[in-house]
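Colleague: This is run_3.cif (mmCIF, C-alpha atoms, pLDDT in the B column; chains and numbers go by the auth columns).
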```
data_upload
loop_
_atom_site.group_PDB
_atom_site.id
_atom_site.type_symbol
_atom_site.label_atom_id
_atom_site.label_comp_id
_atom_site.label_asym_id
_atom_site.label_seq_id
_atom_site.Cartn_x
_atom_site.Cartn_y
_atom_site.Cartn_z
_atom_site.B_iso_or_equiv
_atom_site.auth_seq_id
_atom_site.auth_asym_id
ATOM 1 C CA ASN A 1 72.391 35.281 47.016 64.00 1391 A
ATOM 2 C CA GLY A 2 73.218 35.958 50.664 76.00 1392 A
ATOM 3 C CA VAL A 3 73.543 39.720 50.253 85.00 1393 A
ATOM 4 C CA GLU A 4 70.285 40.632 48.523 89.00 1394 A
ATOM 5 C CA GLY A 5 67.945 39.426 51.284 85.00 1395 A
ATOM 6 C CA PRO A 6 69.557 41.276 54.201 88.00 1396 A
ATOM 7 C CA LEU A 7 70.081 44.381 52.052 92.00 1397 A
ATOM 8 C CA ALA A 8 66.434 44.426 50.946 92.00 1398 A
ATOM 9 C CA GLY A 9 65.304 43.859 54.538 91.00 1399 A
ATOM 10 C CA GLY A 10 67.510 46.674 55.804 93.00 1400 A
ATOM 11 C CA LEU A 11 66.179 49.061 53.167 96.00 1401 A
ATOM 12 C CA PHE A 12 62.606 48.155 54.085 96.00 1402 A
ATOM 13 C CA ILE A 13 63.279 48.715 57.793 94.00 1403 A
ATOM 14 C CA ALA A 14 64.842 52.101 56.957 96.00 1404 A
ATOM 15 C CA ALA A 15 61.809 53.072 54.855 96.00 1405 A
ATOM 16 C CA VAL A 16 59.384 52.136 57.642 94.00 1406 A
ATOM 17 C CA ALA A 17 61.532 54.001 60.192 93.00 1407 A
ATOM 18 C CA ALA A 18 61.485 57.104 57.973 93.00 1408 A
ATOM 19 C CA VAL A 19 57.703 57.022 57.806 92.00 1409 A
ATOM 20 C CA GLY A 20 57.493 56.402 61.565 90.00 1410 A
ATOM 21 C CA ALA A 21 59.824 59.330 62.269 90.00 1411 A
ATOM 22 C CA VAL A 22 57.784 61.672 60.105 90.00 1412 A
ATOM 23 C CA ILE A 23 54.399 60.735 61.585 90.00 1413 A
ATOM 24 C CA GLU A 24 55.870 60.292 65.089 86.00 1414 A
ATOM 25 C CA ALA A 25 54.228 56.914 65.604 80.00 1415 A
ATOM 26 C CA PRO A 26 53.686 56.161 69.302 83.00 1416 A
ATOM 27 C CA PRO A 27 55.480 55.205 71.514 84.00 1417 A
ATOM 28 C CA PHE A 28 58.424 56.786 69.682 84.00 1418 A
ATOM 29 C CA ARG A 29 59.089 60.503 69.711 81.00 1419 A
ATOM 30 C CA GLY A 30 60.681 61.956 66.610 74.00 1420 A
ATOM 31 C CA VAL A 31 63.937 60.369 65.570 80.00 1421 A
ATOM 32 C CA ASP A 32 64.141 57.877 68.468 86.00 1422 A
ATOM 33 C CA ILE A 33 62.788 55.264 66.087 90.00 1423 A
ATOM 34 C CA TRP A 34 66.084 55.353 64.152 92.00 1424 A
ATOM 35 C CA THR A 35 67.908 53.782 67.093 90.00 1425 A
ATOM 36 C CA PHE A 36 65.565 50.814 67.071 91.00 1426 A
ATOM 37 C CA ALA A 37 65.662 50.580 63.272 93.00 1427 A
ATOM 38 C CA GLY A 38 69.472 50.520 63.354 93.00 1428 A
ATOM 39 C CA LEU A 39 69.361 47.716 65.918 92.00 1429 A
ATOM 40 C CA ALA A 40 67.034 45.719 63.674 92.00 1430 A
ATOM 41 C CA ILE A 41 69.142 46.330 60.557 93.00 1431 A
ATOM 42 C CA LEU A 42 72.259 45.060 62.333 91.00 1432 A
ATOM 43 C CA ALA A 43 70.692 42.174 64.270 91.00 1433 A
ATOM 44 C CA CYS A 44 68.593 40.560 61.526 89.00 1434 A
ATOM 45 C CA PRO A 45 71.584 39.124 59.595 89.00 1435 A
ATOM 46 C CA GLY A 46 73.016 37.935 62.925 90.00 1436 A
ATOM 47 C CA GLY A 47 69.853 35.937 63.512 88.00 1437 A
ATOM 48 C CA GLN A 48 70.306 34.256 60.146 85.00 1438 A
ATOM 49 C CA LEU A 49 73.835 33.245 61.100 86.00 1439 A
ATOM 50 C CA LEU A 50 72.631 31.967 64.485 90.00 1440 A
ATOM 51 C CA ALA A 51 69.914 29.881 62.826 87.00 1441 A
ATOM 52 C CA SER A 52 72.447 28.324 60.469 86.00 1442 A
ATOM 53 C CA ALA A 53 74.736 27.526 63.406 89.00 1443 A
ATOM 54 C CA MET A 54 71.892 25.770 65.250 89.00 1444 A
ATOM 55 C CA LEU A 55 71.287 23.318 62.414 89.00 1445 A
ATOM 56 C CA PRO A 56 73.260 20.068 62.200 90.00 1446 A
ATOM 57 C CA GLY A 57 74.358 20.789 58.629 84.00 1447 A
ATOM 58 C CA ALA A 58 74.147 23.421 55.931 72.00 1448 A
ATOM 59 C CA ALA A 59 71.876 21.251 53.789 80.00 1449 A
ATOM 60 C CA SER A 60 69.413 20.580 56.621 85.00 1450 A
ATOM 61 C CA ARG A 61 65.783 21.196 55.738 87.00 1451 A
ATOM 62 C CA ALA A 62 64.230 23.608 58.246 88.00 1452 A
ATOM 63 C CA PRO A 63 61.646 25.795 56.472 86.00 1453 A
ATOM 64 C CA ALA A 64 60.045 27.116 59.689 86.00 1454 A
ATOM 65 C CA LEU A 65 63.410 28.171 61.091 86.00 1455 A
ATOM 66 C CA ARG A 66 64.282 29.867 57.808 78.00 1456 A
ATOM 67 C CA ARG A 67 61.106 31.966 58.076 83.00 1457 A
ATOM 68 C CA LEU A 68 61.856 33.115 61.630 87.00 1458 A
ATOM 69 C CA ASP A 69 65.643 33.297 61.597 85.00 1459 A
ATOM 70 C CA SER A 70 65.854 37.095 61.397 86.00 1460 A
ATOM 71 C CA ALA A 71 63.800 37.425 64.574 89.00 1461 A
ATOM 72 C CA LEU A 72 66.043 35.195 66.717 91.00 1462 A
ATOM 73 C CA LEU A 73 68.199 38.094 67.891 92.00 1463 A
ATOM 74 C CA VAL A 74 66.215 41.184 67.015 92.00 1464 A
ATOM 75 C CA ALA A 75 62.917 40.223 68.698 92.00 1465 A
ATOM 76 C CA PRO A 76 64.236 39.778 72.268 93.00 1466 A
ATOM 77 C CA ALA A 77 66.579 42.765 71.950 91.00 1467 A
ATOM 78 C CA TRP A 78 63.837 44.985 70.558 89.00 1468 A
ATOM 79 C CA ALA A 79 61.316 43.898 73.208 91.00 1469 A
ATOM 80 C CA GLY A 80 63.743 44.532 76.055 92.00 1470 A
ATOM 81 C CA LEU A 81 64.913 47.882 74.757 90.00 1471 A
ATOM 82 C CA VAL A 82 61.398 49.110 73.978 89.00 1472 A
ATOM 83 C CA GLY A 83 60.462 48.188 77.562 90.00 1473 A
ATOM 84 C CA LEU A 84 63.359 50.250 78.891 90.00 1474 A
ATOM 85 C CA TYR A 85 62.466 53.081 76.514 89.00 1475 A
ATOM 86 C CA LEU A 86 58.875 53.141 77.762 88.00 1476 A
ATOM 87 C CA GLN A 87 59.998 53.124 81.412 89.00 1477 A
ATOM 88 C CA ARG A 88 62.275 56.074 80.735 85.00 1478 A
ATOM 89 C CA ALA A 89 59.473 57.933 78.944 74.00 1479 A
ATOM 90 C CA THR A 90 57.108 57.779 81.923 68.00 1480 A
#
```
Before anything else, please render the file you have as structure tokens.
Modeller:
Amino acid sequence: NGVEGPLAGGLFIAAVAAVGAVIEAPPFRGVDIWTFAGLAILACPGGQLLASAMLPGAASRAPALRRLDSALLVAPAWAGLVGLYLQRAT
């Protein structure tokens, strides 16, 4: 159903963020990664809604869009914010 996918994705993002926070994966320092993980957890379902709104109908066949729909919002937001984060860090 429509809840299981976003919930599973959010849990996976949280698990990866926890590992990244523990090992302090560059370019993030400590718990800064949680901010970006929270953004991804909130924006991924929004991308799915945006993809559905872009289609002419709910029954439209668009398998490529369905594979990339979560990245529609989170990818540009993440890229821009990581750029700002790296500028602030230097």
Colleague: Find the spatial neighbours of stretch 1394-1396 of chain A, counting only C-alpha atoms, within a cut-off of 12 Å - ignore same-chain residues fewer than 4 positions away - and output them as an mmCIF file with C-alpha atoms, in the frame of the given file.
Modeller:
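File written: result_4.cif
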```
data_model
loop_
_atom_site.group_PDB
_atom_site.id
_atom_site.type_symbol
_atom_site.label_atom_id
_atom_site.label_comp_id
_atom_site.auth_asym_id
_atom_site.auth_seq_id
_atom_site.Cartn_x
_atom_site.Cartn_y
_atom_site.Cartn_z
ATOM 1 C CA GLY A 1400 67.510 46.674 55.804
ATOM 2 C CA LEU A 1401 66.179 49.061 53.167
ATOM 3 C CA PHE A 1402 62.606 48.155 54.085
ATOM 4 C CA ILE A 1403 63.279 48.715 57.793
ATOM 5 C CA ALA A 1430 67.034 45.719 63.674
ATOM 6 C CA ILE A 1431 69.142 46.330 60.557
ATOM 7 C CA LEU A 1432 72.259 45.060 62.333
ATOM 8 C CA ALA A 1433 70.692 42.174 64.270
ATOM 9 C CA CYS A 1434 68.593 40.560 61.526
ATOM 10 C CA PRO A 1435 71.584 39.124 59.595
ATOM 11 C CA GLY A 1436 73.016 37.935 62.925
ATOM 12 C CA GLY A 1437 69.853 35.937 63.512
ATOM 13 C CA GLN A 1438 70.306 34.256 60.146
ATOM 14 C CA LEU A 1439 73.835 33.245 61.100
ATOM 15 C CA ASP A 1459 65.643 33.297 61.597
ATOM 16 C CA SER A 1460 65.854 37.095 61.397
#
```
Colleague: So which one's closest to A:Val1406, A:Ala1441, A:Val1464, A:Ala1427, A:Leu1455? Using all atoms listed in the file, please.
Modeller: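 Nearest to A:Val1406: A:Ala1427.
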Colleague: Would you mind listing what lies within 12 Å of stretch 1411-1423 of chain A as an MDAnalysis selection string, with all atoms listed in the file counted and same-chain residues fewer than 5 positions away left out?
Modeller: chainID A and resid 1403:1406 1428:1430 1468 1471:1480
Colleague: Between atom CA of A:Trp1424 and atom CA of A:Gly1470, what is the spacing in Å?
Modeller: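 Going from atom CA of A:Gly1470 over to atom CA of A:Trp1424 covers 16.3 Å.
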Colleague: Of the residues A:Ala1449, A:Phe1426, A:Ala1407, A:Ser1442, which is the one nearest to A:Ala1465, using all atoms listed in the file?
Modeller: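 Once distances to A:Ala1465 are computed over all atoms listed in the file, the minimum belongs to A:Phe1426.
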Colleague: One decimal, Å: what's the distance from atom CA of A:Ala1443 over to atom CA of A:Leu1463, could you say?
Modeller: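 Pair atom CA of A:Ala1443 / atom CA of A:Leu1463 returns 13.2 Å.
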Colleague: Distance atom CA of A:Ala1469-atom CA of A:Arg1456, one decimal place?
Modeller: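 Straight-line distance from atom CA of A:Ala1469 to atom CA of A:Arg1456 works out to 21.0 Å.
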Colleague: Please, what is the axis-aligned box for every listed atom of stretch 1414-1424 of chain A with 5 Å on each side, as centre and edge lengths in Å to one decimal, as JSON?
Modeller:
```
{"center_x": 59.9, "center_y": 58.6, "center_z": 67.8, "size_x": 22.4, "size_y": 16.8, "size_z": 17.4}
```
